[in-house]
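Remarks on the structure that follows.
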Amino acid sequence: MRWLVGWSSAAAVPVTDEARTVHPVGAQLLWGDPDPLWAVGDWRPDEVRVVQAAPHTRLAVLGCCGASDEQLRAGLFTARGGALRHLTAWPGSYTAVAQVGRRLTIAGDLAGARPVFHTAWAGGTAYATAALPLADLIEAQLDIGHLATLLACPDAPEALGDGTPYAGVRRVPPGHALILRDGSREVAGYEPTASLAVAAPQMETIQAVDGVRDALVEAVRARLAAPRHAPEMPEPDPGPVPGMGPAARRARRGAPAPGIGSDLSGGIASSTLALLAAGLPGAPGTPLGHGTGAGERLLAVTFNDLVSGASGGHARTAGEAELERARGIAANPRLHHVVVTGDEDALPYAGLDTVLLTDEPGPAIVSAERHRRRLVAGSADHLVGHGARQVLDAHPARLADLLMERQRRRLLRPVAALARSEGPSAHSLFVPITVYRAARRLARTSYRDGVREAAARLLERRFDDADGGTTTPAGGGTGPAGAVDASIAALAWCRPGPAARWLTGEALAEVSVRLQGAATRPGPLERPGERRARAALARYAMDHRVFEQAAEVRSQRLHAPFLDNQVVRACRALPEALRVQPGARASVLRAVLAGAGIRDLPPGWGAPSHAAGAAAVLSGLRVAVEDLVALFDAPLLADAGLLEARVVRKAVRAAAGGEALPLDGLAELVSTELWLRRLLARRGTCWTGSAAPRQRAVAGGVAPRPAL
C-alpha cells in the first residue's frame, strides 16, 4: 500500500518535539518543517514529482499524471490564486499537494478512488491518503457506529458523513479539497454547483460524446507515455517445465509481465480500453526490450471460470459468449491474448485465510484471491474497466430528474425496456405505470422527507429483496434482482443496504438516529437522481480502492481510466436524455471507438454480463459454506453488538441452499468480519521515532457499543 502523509502546525505554537521526532516507517521526505510531507511505500521514481517556484511555494503530484513540468508549474501559480480546480484537470489518476507559504491544499479526486483523510494532532492537523496511518498516529479506536452505517446504508452520504472506521479520522468528500492554514482546516468544493431551481444547460450529444472520447484517449495515453517497468522477480526462473511457457512460469512465481497490459473480459469497458491502448502510438514494452514479441504491445488477459461455466444454464451461455467476444477482439495483431483458467481455488470466498489488511472494509475482500489469479498474469501496468457503468449509465433516480425538468417523453424508451425485461406476462403490462408513479413520487418528495422515510424503514425493519442486488432465486439459479424491482427500489433519496436485514435492532436504531439528524440539517442543492448517482460512484470508488489493496500484486499498478477526473467530468456532461436510454453505455463507447478509428467489433459486443459473476458468487458460497459458518461461530461483529451470530449462520446456510437472499449483503458481512480480524491481528504501527505512538490503532480490541 502506498500513501502520502504530512501535517500543518499552528503558527503561534512552535513545532513540538513530538512532531520533530515522529516520522512514518519507510518514508521518503518530499519537503521538511514546518509543514513536512512524506511519500510512504513502494512509489516508483516517475510517480513522485515535485516542482518549486519559490521557497515554500511548491507542488507535489503523486501518482500517474499526464502533465508536463511546465503545466504543473502553471497549475501551481493558478492554485496560488485560489483556482483549485486546475489541480485536478490533468489526465491520469493522482493526488496533488500545493504549498503556498503556510497554506497547504490537498485535492481529492471527483470519484473518491484517491481520497484524503485528516485528523487533529499536536495542536495542528495531520493529513494522509490512507486512514489507518492517521489512526495509528492518534491511537484511535474503532468507530462502531460508522461500521454499522457501512453495513446498513453503504451508499448514503447522509448517514456516513465524513467519518471513517476509526474514531477521530475524517474523510474529505469527493470533489473537495482540504485547505490547511497554520493548523486550522477547511474543506472546500472545487466543482461548480448546479441550481435546483434552474436546470443546468445540456451539451449537444455529439459534442458530449466527443468529449468522452478525448478524455478516454488522453487517460490511456497518459499511461502509455509513462515509463515502462520490469517487475522484480521474487525468485529465479527454474527453467523449462513441461506444459508451461515462460509467461505461465512467471505467473506461477507471482510476478506480472513487463510493460503494459489490460483486462479483456469480453465486456465493453475493458475491451474499449484494450482497443484504445492497442491503437495509440507508443514504444512497445520496456526500454530494455521486455514485454515485446512479434510486434505485440499490449498483453490482454481474460479470466475463464471453469467451475461456474460447468454449472450450465444461462450463466454458462453468458460466460461462453464473453470468451468468444474476447477472442474476437484479441485477433487484433497488436494484442497478445492470455486466458487464465480458474477452478474451485479461484472462486469467491476462496483463500480467506490469506486476505491482506486493507485501509477500510469492502466486499472486494471476499474475491481477492480470485482477482489476484487474473492480475498476476497481467502486466506491471494493467488497465481495468472499473467504473464505466457508474460514470456512463444513468441511475434509475435520474427518471425523477427528467420529470422535474418536464421531459416526460424521455421516459418512454427506458420504461418500455424495463417492461420488455419482464417478458410476455400480465405483470409487464403494469410496469410502465408502476415505474412512472415511483419516479413521480420521488420527484415530489423533498430531501428531508425522503431521508426520514429511510430512517423509518430501518426502525420498522422494512427491507426489499431488490435492495440486495444479486440474489439466489428459489429455484437454485443465479442472477441479479429483477430489473423492475431494483429500479423501483432505487427511486428514493436514501434506502437501506443489502446487509441491513441481519443487523441488530440497536445497530439499526443508531443508523436511524444519524439519518434523522441529517434530515434536520439543510438539504443539498442537487436533484435526487444527480445526488444518488454521485453517492453510487463514491461508494464504487471506495470499493475499487479496497480491491486494489486486497488483490495487490507486488510491482504492479492497476489503472482505472474511467475513474479519472477528466473522464468523470466528460461523462457528467452527457445529456440526461441520452444516458437514460437502453444501451446508452454501449452506444457511447461504440462512438468513442469509432472516433478513434476502431469500427470492427465482434457480434454481441455491448451485451450485459451479470449472470456469470452471480453464478461464481453462489458457487463459491456453496464450496465455502462450512468455513463461513465457522467464521461466524464467535464473530467480532457480534461482540460489537452489530449482529447475532446464529442469525448470520442460518442465512449463510440458507443462501447456499438456494433461498432467495441478497448475496451482496452476505459478502459485506464476511468482508467486514475478516477486516476486523486482520486489523486486530496486526503488530506494530506505521510510525517510528522517540515520540512515536506507543500503541497501534484499535489496540484495545472491539469494545461493545454502549446502549442508546
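Labels for the C-alpha cells follow display order: chains A, B, ..., residues from 1 in each chain, ligands from 1.
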
>> Run DSSP on the backbone and tell me which residues of range 33-100 of chain A come out as alpha helix (DSSP H); list them as a PyMOL selection string.
In response: chain A and resi 69-80

Can you write out the residues you just picked, keeping all heavy atoms, as a CSV table (one decimal), in the first residue's frame?
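Below you can see again-v8.csv, which holds the result:
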chain,number,residue,atom,x,y,z
A,69,ASP,N,6.1,19.3,-16.7
A,69,ASP,CA,6.6,20.1,-15.6
A,69,ASP,C,6.1,21.6,-15.7
A,69,ASP,O,5.8,22.2,-14.7
A,69,ASP,CB,8.1,20.1,-15.5
A,69,ASP,CG,8.6,18.7,-14.9
A,69,ASP,OD1,7.8,18.0,-14.4
A,69,ASP,OD2,9.8,18.5,-15.0
A,70,GLU,N,6.1,22.0,-17.0
A,70,GLU,CA,5.6,23.4,-17.2
A,70,GLU,C,4.1,23.5,-16.8
A,70,GLU,O,3.7,24.5,-16.3
A,70,GLU,CB,5.9,23.8,-18.6
A,70,GLU,CG,7.3,24.1,-18.9
A,70,GLU,CD,7.9,25.1,-18.0
A,70,GLU,OE1,7.2,26.1,-17.8
A,70,GLU,OE2,9.1,25.0,-17.6
A,71,GLN,N,3.3,22.5,-17.2
A,71,GLN,CA,1.9,22.5,-16.8
A,71,GLN,C,1.7,22.5,-15.3
A,71,GLN,O,0.8,23.1,-14.7
A,71,GLN,CB,1.2,21.4,-17.5
A,71,GLN,CG,1.1,21.6,-19.0
A,71,GLN,CD,0.5,20.3,-19.7
A,71,GLN,OE1,0.8,19.2,-19.4
A,71,GLN,NE2,-0.5,20.5,-20.6
A,72,LEU,N,2.6,21.7,-14.6
A,72,LEU,CA,2.5,21.6,-13.2
A,72,LEU,C,2.8,23.0,-12.6
A,72,LEU,O,2.2,23.4,-11.6
A,72,LEU,CB,3.4,20.6,-12.6
A,72,LEU,CG,3.1,19.1,-13.0
A,72,LEU,CD1,4.1,18.2,-12.3
A,72,LEU,CD2,1.7,18.7,-12.6
A,73,ARG,N,3.8,23.6,-13.1
A,73,ARG,CA,4.2,24.9,-12.6
A,73,ARG,C,3.1,26.0,-12.8
A,73,ARG,O,2.8,26.8,-12.0
A,73,ARG,CB,5.5,25.4,-13.2
A,73,ARG,CG,6.2,26.5,-12.5
A,73,ARG,CD,7.7,26.7,-13.0
A,73,ARG,NE,8.5,25.7,-12.5
A,73,ARG,CZ,9.0,24.7,-13.2
A,73,ARG,NH1,8.8,24.5,-14.5
A,73,ARG,NH2,9.8,23.8,-12.6
A,74,ALA,N,2.5,25.9,-14.0
A,74,ALA,CA,1.4,26.8,-14.3
A,74,ALA,C,0.2,26.5,-13.3
A,74,ALA,O,-0.5,27.5,-12.9
A,74,ALA,CB,0.9,26.7,-15.7
A,75,GLY,N,-0.1,25.3,-13.1
A,75,GLY,CA,-1.1,24.9,-12.1
A,75,GLY,C,-0.8,25.4,-10.7
A,75,GLY,O,-1.7,25.8,-10.0
A,76,LEU,N,0.5,25.4,-10.3
A,76,LEU,CA,0.8,25.9,-9.0
A,76,LEU,C,0.5,27.4,-8.9
A,76,LEU,O,0.0,27.9,-7.9
A,76,LEU,CB,2.3,25.7,-8.8
A,76,LEU,CG,2.9,26.2,-7.5
A,76,LEU,CD1,2.2,25.7,-6.3
A,76,LEU,CD2,4.4,25.9,-7.4
A,77,PHE,N,0.8,28.2,-10.0
A,77,PHE,CA,0.5,29.6,-10.0
A,77,PHE,C,-1.0,29.9,-9.9
A,77,PHE,O,-1.4,30.8,-9.2
A,77,PHE,CB,1.1,30.3,-11.2
A,77,PHE,CG,2.6,30.4,-11.2
A,77,PHE,CD1,3.4,30.0,-12.2
A,77,PHE,CD2,3.3,30.9,-10.0
A,77,PHE,CE1,4.8,30.1,-12.2
A,77,PHE,CE2,4.7,31.0,-10.0
A,77,PHE,CZ,5.4,30.6,-11.1
A,78,THR,N,-1.8,29.1,-10.6
A,78,THR,CA,-3.2,29.3,-10.6
A,78,THR,C,-3.8,28.9,-9.2
A,78,THR,O,-4.7,29.5,-8.7
A,78,THR,CB,-3.9,28.5,-11.7
A,78,THR,OG1,-3.6,27.2,-11.6
A,78,THR,CG2,-3.5,29.1,-13.0
A,79,ALA,N,-3.2,27.8,-8.6
A,79,ALA,CA,-3.7,27.4,-7.3
A,79,ALA,C,-3.3,28.5,-6.2
A,79,ALA,O,-4.0,28.6,-5.2
A,79,ALA,CB,-3.1,26.1,-6.9
A,80,ARG,N,-2.2,29.2,-6.5
A,80,ARG,CA,-1.8,30.2,-5.5
A,80,ARG,C,-2.9,31.3,-5.4
A,80,ARG,O,-3.1,31.9,-4.4
A,80,ARG,CB,-0.5,30.8,-5.9
A,80,ARG,CG,0.1,31.8,-5.0
A,80,ARG,CD,1.5,32.2,-5.3
A,80,ARG,NE,1.7,32.7,-6.6
A,80,ARG,CZ,2.8,33.1,-7.2
A,80,ARG,NH1,3.9,33.0,-6.5
A,80,ARG,NH2,2.8,33.6,-8.4

> Between A:Glu360, A:Asp305, A:Asp381, A:Glu320, which one has atoms that come closest to Leu132 in chain A, using only C-alpha atoms?
Replying inline: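 For Leu132 in chain A, the nearest of the given residues is A:Glu360.
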
>> When you look at Thr672 in chain A with a cut-off of 8 Å (counting only C-alpha atoms), what residues show up, excluding the ones that are within fewer than 3 positions of it in the same chain? I need them as a PyMOL selection string.
In response: chain A and resi 361-363+668-669+675-676

> Using only C-alpha atoms, which of the listed residues (A:Leu347, A:Ala364, A:Leu375, A:Ala219) sits closest to Ala624 in chain A?
Replying inline: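 Smallest distance to Ala624 in chain A is found for A:Leu347.
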
>> Can you tell me which residues surround Ala509 in chain A at a distance of at most 9 Å, considering only C-alpha atoms, apart from same-chain residues fewer than 5 positions away, and format the answer as a ChimeraX atom specification?
In response: /A:455,458-459,504,514,708

With N, CA and C atoms kept, could you save the residues just selected as an mmCIF file, in the first residue's frame?
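Final file, out38.cif:
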data_model
loop_
_atom_site.group_PDB
_atom_site.id
_atom_site.type_symbol
_atom_site.label_atom_id
_atom_site.label_comp_id
_atom_site.auth_asym_id
_atom_site.auth_seq_id
_atom_site.Cartn_x
_atom_site.Cartn_y
_atom_site.Cartn_z
ATOM 1 N N ALA A 455 -35.073 6.420 7.444
ATOM 2 C CA ALA A 455 -34.884 6.173 8.874
ATOM 3 C C ALA A 455 -36.027 5.338 9.442
ATOM 4 N N LEU A 458 -35.656 1.620 8.517
ATOM 5 C CA LEU A 458 -34.697 0.903 9.348
ATOM 6 C C LEU A 458 -35.318 0.517 10.688
ATOM 7 N N LEU A 459 -36.039 1.444 11.308
ATOM 8 C CA LEU A 459 -36.642 1.145 12.603
ATOM 9 C C LEU A 459 -37.708 0.062 12.494
ATOM 10 N N THR A 504 -28.634 -5.990 14.229
ATOM 11 C CA THR A 504 -29.481 -5.954 15.424
ATOM 12 C C THR A 504 -30.334 -4.687 15.430
ATOM 13 N N ARG A 514 -28.836 8.726 13.049
ATOM 14 C CA ARG A 514 -27.971 9.512 12.159
ATOM 15 C C ARG A 514 -28.777 10.100 11.002
ATOM 16 N N LEU A 708 -28.124 2.856 23.607
ATOM 17 C CA LEU A 708 -28.622 4.174 23.254
ATOM 18 C C LEU A 708 -29.428 4.762 24.415
#

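The spacing separating CA of Arg599 in chain A from CA of Glu576 in chain A amounts to 25.6 Å.
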
>> Just want the 9 Å neighbourhood of Leu30 in chain A, counted on only C-alpha atoms, with same-chain residues fewer than 5 positions away dropped. Output as a PyMOL selection string.
In response: chain A and resi 36-39+48+50+60

> Residues of range 91-215 of chain A in strand (DSSP E or B) according to DSSP, as a PyMOL selection string?
Replying inline: chain A and resi 92-100+103-107+117-121+124-128+142+166+170-171+176-181+184-189

> What is the distance between CA of Leu593 in chain A and CA of Met203 in chain A, in Å to one decimal?
Replying inline: 20.4 Å

>> If I take CA of Ala83 in chain A and CA of Pro522 in chain A, how far is one from the other in Å, to one decimal?
In response: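 CA of Pro522 in chain A lies 26.7 Å from CA of Ala83 in chain A.
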
>> I need the residue nearest Ser446 in chain A from this list: A:Gly387, A:Gly595, A:Gly684, A:Pro528. Use only C-alpha atoms for the distance.
In response: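 So, comparing all the options, the nearest one is A:Pro528.
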
Compile the contact shell of Val648 in chain A as a PDB file with all heavy atoms, in the first residue's frame: residues with an atom at most 9 Å away, counting only C-alpha atoms, same-chain residues fewer than 2 positions apart removed.
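Result saved to part28.pdb:
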ATOM      1  N   TRP A 502     -29.751  -8.148   8.553  1.00  0.00           N
ATOM      2  CA  TRP A 502     -29.127  -9.042   9.525  1.00  0.00           C
ATOM      3  C   TRP A 502     -28.533  -8.297  10.724  1.00  0.00           C
ATOM      4  O   TRP A 502     -27.924  -8.919  11.580  1.00  0.00           O
ATOM      5  CB  TRP A 502     -28.053  -9.881   8.840  1.00  0.00           C
ATOM      6  CG  TRP A 502     -28.639 -10.854   7.857  1.00  0.00           C
ATOM      7  CD1 TRP A 502     -29.540 -11.843   8.114  1.00  0.00           C
ATOM      8  CD2 TRP A 502     -28.377 -10.902   6.459  1.00  0.00           C
ATOM      9  NE1 TRP A 502     -29.852 -12.513   6.964  1.00  0.00           N
ATOM     10  CE2 TRP A 502     -29.145 -11.962   5.917  1.00  0.00           C
ATOM     11  CE3 TRP A 502     -27.563 -10.172   5.599  1.00  0.00           C
ATOM     12  CZ2 TRP A 502     -29.142 -12.297   4.576  1.00  0.00           C
ATOM     13  CZ3 TRP A 502     -27.552 -10.491   4.260  1.00  0.00           C
ATOM     14  CH2 TRP A 502     -28.330 -11.550   3.755  1.00  0.00           C
ATOM     15  N   VAL A 629     -19.558 -20.571   8.042  1.00  0.00           N
ATOM     16  CA  VAL A 629     -20.294 -20.828   9.286  1.00  0.00           C
ATOM     17  C   VAL A 629     -19.338 -20.815  10.477  1.00  0.00           C
ATOM     18  O   VAL A 629     -19.644 -20.255  11.542  1.00  0.00           O
ATOM     19  CB  VAL A 629     -21.047 -22.171   9.182  1.00  0.00           C
ATOM     20  CG1 VAL A 629     -21.592 -22.585  10.552  1.00  0.00           C
ATOM     21  CG2 VAL A 629     -22.180 -22.058   8.171  1.00  0.00           C
ATOM     22  N   PHE A 632     -18.383 -17.337  11.675  1.00  0.00           N
ATOM     23  CA  PHE A 632     -19.373 -16.646  12.496  1.00  0.00           C
ATOM     24  C   PHE A 632     -19.764 -17.455  13.729  1.00  0.00           C
ATOM     25  O   PHE A 632     -20.843 -17.236  14.288  1.00  0.00           O
ATOM     26  CB  PHE A 632     -20.615 -16.323  11.655  1.00  0.00           C
ATOM     27  CG  PHE A 632     -20.396 -15.192  10.690  1.00  0.00           C
ATOM     28  CD1 PHE A 632     -20.064 -15.441   9.368  1.00  0.00           C
ATOM     29  CD2 PHE A 632     -20.490 -13.880  11.106  1.00  0.00           C
ATOM     30  CE1 PHE A 632     -19.855 -14.403   8.475  1.00  0.00           C
ATOM     31  CE2 PHE A 632     -20.286 -12.836  10.236  1.00  0.00           C
ATOM     32  CZ  PHE A 632     -19.958 -13.100   8.910  1.00  0.00           C
ATOM     33  N   LEU A 643     -24.580  -7.596  15.201  1.00  0.00           N
ATOM     34  CA  LEU A 643     -25.378  -8.695  14.683  1.00  0.00           C
ATOM     35  C   LEU A 643     -25.390  -9.834  15.689  1.00  0.00           C
ATOM     36  O   LEU A 643     -24.624  -9.839  16.663  1.00  0.00           O
ATOM     37  CB  LEU A 643     -24.859  -9.171  13.322  1.00  0.00           C
ATOM     38  CG  LEU A 643     -23.365  -9.533  13.193  1.00  0.00           C
ATOM     39  CD1 LEU A 643     -23.065 -10.915  13.732  1.00  0.00           C
ATOM     40  CD2 LEU A 643     -22.933  -9.426  11.748  1.00  0.00           C
ATOM     41  N   GLU A 644     -26.275 -10.803  15.434  1.00  0.00           N
ATOM     42  CA  GLU A 644     -26.321 -12.031  16.210  1.00  0.00           C
ATOM     43  C   GLU A 644     -25.747 -13.153  15.359  1.00  0.00           C
ATOM     44  O   GLU A 644     -26.166 -13.351  14.215  1.00  0.00           O
ATOM     45  CB  GLU A 644     -27.751 -12.353  16.624  1.00  0.00           C
ATOM     46  CG  GLU A 644     -28.346 -11.351  17.598  1.00  0.00           C
ATOM     47  CD  GLU A 644     -29.723 -11.768  18.060  1.00  0.00           C
ATOM     48  OE1 GLU A 644     -30.094 -12.941  17.835  1.00  0.00           O
ATOM     49  OE2 GLU A 644     -30.431 -10.932  18.640  1.00  0.00           O
ATOM     50  N   ALA A 645     -24.802 -13.889  15.919  1.00  0.00           N
ATOM     51  CA  ALA A 645     -24.069 -14.883  15.141  1.00  0.00           C
ATOM     52  C   ALA A 645     -24.992 -15.951  14.573  1.00  0.00           C
ATOM     53  O   ALA A 645     -24.855 -16.353  13.409  1.00  0.00           O
ATOM     54  CB  ALA A 645     -22.982 -15.522  16.007  1.00  0.00           C
ATOM     55  N   ARG A 646     -25.941 -16.418  15.348  1.00  0.00           N
ATOM     56  CA  ARG A 646     -26.796 -17.511  14.875  1.00  0.00           C
ATOM     57  C   ARG A 646     -27.645 -17.079  13.679  1.00  0.00           C
ATOM     58  O   ARG A 646     -27.934 -17.883  12.792  1.00  0.00           O
ATOM     59  CB  ARG A 646     -27.697 -17.993  16.005  1.00  0.00           C
ATOM     60  CG  ARG A 646     -28.638 -16.945  16.565  1.00  0.00           C
ATOM     61  CD  ARG A 646     -29.570 -17.491  17.629  1.00  0.00           C
ATOM     62  NE  ARG A 646     -30.462 -16.464  18.140  1.00  0.00           N
ATOM     63  CZ  ARG A 646     -31.577 -16.086  17.511  1.00  0.00           C
ATOM     64  NH1 ARG A 646     -31.924 -16.678  16.375  1.00  0.00           N
ATOM     65  NH2 ARG A 646     -32.343 -15.133  18.027  1.00  0.00           N
ATOM     66  N   LYS A 650     -27.398 -18.990  10.035  1.00  0.00           N
ATOM     67  CA  LYS A 650     -28.603 -19.506   9.389  1.00  0.00           C
ATOM     68  C   LYS A 650     -28.748 -18.939   7.981  1.00  0.00           C
ATOM     69  O   LYS A 650     -29.125 -19.656   7.034  1.00  0.00           O
ATOM     70  CB  LYS A 650     -29.828 -19.154  10.234  1.00  0.00           C
ATOM     71  CG  LYS A 650     -31.144 -19.651   9.662  1.00  0.00           C
ATOM     72  CD  LYS A 650     -32.306 -19.254  10.551  1.00  0.00           C
ATOM     73  CE  LYS A 650     -33.642 -19.697   9.939  1.00  0.00           C
ATOM     74  NZ  LYS A 650     -34.789 -19.290  10.803  1.00  0.00           N
ATOM     75  N   ALA A 651     -28.445 -17.653   7.803  1.00  0.00           N
ATOM     76  CA  ALA A 651     -28.551 -17.024   6.483  1.00  0.00           C
ATOM     77  C   ALA A 651     -27.537 -17.608   5.511  1.00  0.00           C
ATOM     78  O   ALA A 651     -27.848 -17.812   4.324  1.00  0.00           O
ATOM     79  CB  ALA A 651     -28.356 -15.515   6.617  1.00  0.00           C
ATOM     80  N   VAL A 652     -26.322 -17.876   5.974  1.00  0.00           N
ATOM     81  CA  VAL A 652     -25.300 -18.457   5.098  1.00  0.00           C
ATOM     82  C   VAL A 652     -25.749 -19.827   4.599  1.00  0.00           C
ATOM     83  O   VAL A 652     -25.660 -20.140   3.397  1.00  0.00           O
ATOM     84  CB  VAL A 652     -23.953 -18.548   5.837  1.00  0.00           C
ATOM     85  CG1 VAL A 652     -22.963 -19.382   5.042  1.00  0.00           C
ATOM     86  CG2 VAL A 652     -23.384 -17.155   6.084  1.00  0.00           C
ATOM     87  N   ARG A 653     -26.241 -20.655   5.479  1.00  0.00           N
ATOM     88  CA  ARG A 653     -26.702 -21.985   5.062  1.00  0.00           C
ATOM     89  C   ARG A 653     -27.909 -21.881   4.125  1.00  0.00           C
ATOM     90  O   ARG A 653     -28.028 -22.640   3.157  1.00  0.00           O
ATOM     91  CB  ARG A 653     -27.054 -22.816   6.291  1.00  0.00           C
ATOM     92  CG  ARG A 653     -25.855 -23.172   7.174  1.00  0.00           C
ATOM     93  CD  ARG A 653     -26.230 -24.210   8.214  1.00  0.00           C
ATOM     94  NE  ARG A 653     -25.136 -24.509   9.128  1.00  0.00           N
ATOM     95  CZ  ARG A 653     -24.144 -25.353   8.843  1.00  0.00           C
ATOM     96  NH1 ARG A 653     -24.121 -25.972   7.673  1.00  0.00           N
ATOM     97  NH2 ARG A 653     -23.190 -25.572   9.735  1.00  0.00           N
ATOM     98  N   LEU A 666     -24.387 -10.602   2.276  1.00  0.00           N
ATOM     99  CA  LEU A 666     -23.540 -11.597   2.934  1.00  0.00           C
ATOM    100  C   LEU A 666     -22.064 -11.297   2.690  1.00  0.00           C
ATOM    101  O   LEU A 666     -21.229 -11.452   3.588  1.00  0.00           O
ATOM    102  CB  LEU A 666     -23.891 -12.994   2.438  1.00  0.00           C
ATOM    103  CG  LEU A 666     -25.219 -13.582   2.941  1.00  0.00           C
ATOM    104  CD1 LEU A 666     -25.462 -14.938   2.294  1.00  0.00           C
ATOM    105  CD2 LEU A 666     -25.230 -13.713   4.456  1.00  0.00           C
ATOM    106  N   LEU A 669     -20.948  -8.592   5.071  1.00  0.00           N
ATOM    107  CA  LEU A 669     -20.761  -9.080   6.438  1.00  0.00           C
ATOM    108  C   LEU A 669     -19.459  -9.866   6.570  1.00  0.00           C
ATOM    109  O   LEU A 669     -18.691  -9.666   7.516  1.00  0.00           O
ATOM    110  CB  LEU A 669     -21.942  -9.962   6.838  1.00  0.00           C
ATOM    111  CG  LEU A 669     -23.300  -9.269   7.055  1.00  0.00           C
ATOM    112  CD1 LEU A 669     -24.346 -10.305   7.425  1.00  0.00           C
ATOM    113  CD2 LEU A 669     -23.204  -8.209   8.122  1.00  0.00           C
TER     114      LEU A 669
END

>> With only C-alpha atoms as the counted atoms, please give the residues lying no more than 12 Å from Arg373 in chain A, apart from itself and same-chain residues fewer than 3 positions off, as an MDAnalysis selection string.
In response: chainID A and resid 248 251:256 301:305 339:348 350:351 367:370 376:378 551:553

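For the residues A:His559, A:His176, A:Arg678, A:Arg683, ranking by smallest atom-to-atom distance to Ser93 in chain A using only C-alpha atoms places A:His559 first.
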
>> Could you check the closest approach to Ala148 in chain A for each of A:Val513, A:Val567, A:Ala492, A:Ala615 and tell me which residue wins, using only C-alpha atoms?
In response: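 Counting only C-alpha atoms, the residue closest to Ala148 in chain A is A:Val513.
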
>> With distances taken over only C-alpha atoms, which residue among A:Ala215, A:Val209, A:Ala616, A:Ala507 lies nearest Ala586 in chain A?
In response: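 Checking each candidate against Ala586 in chain A, we get A:Val209 as the closest.
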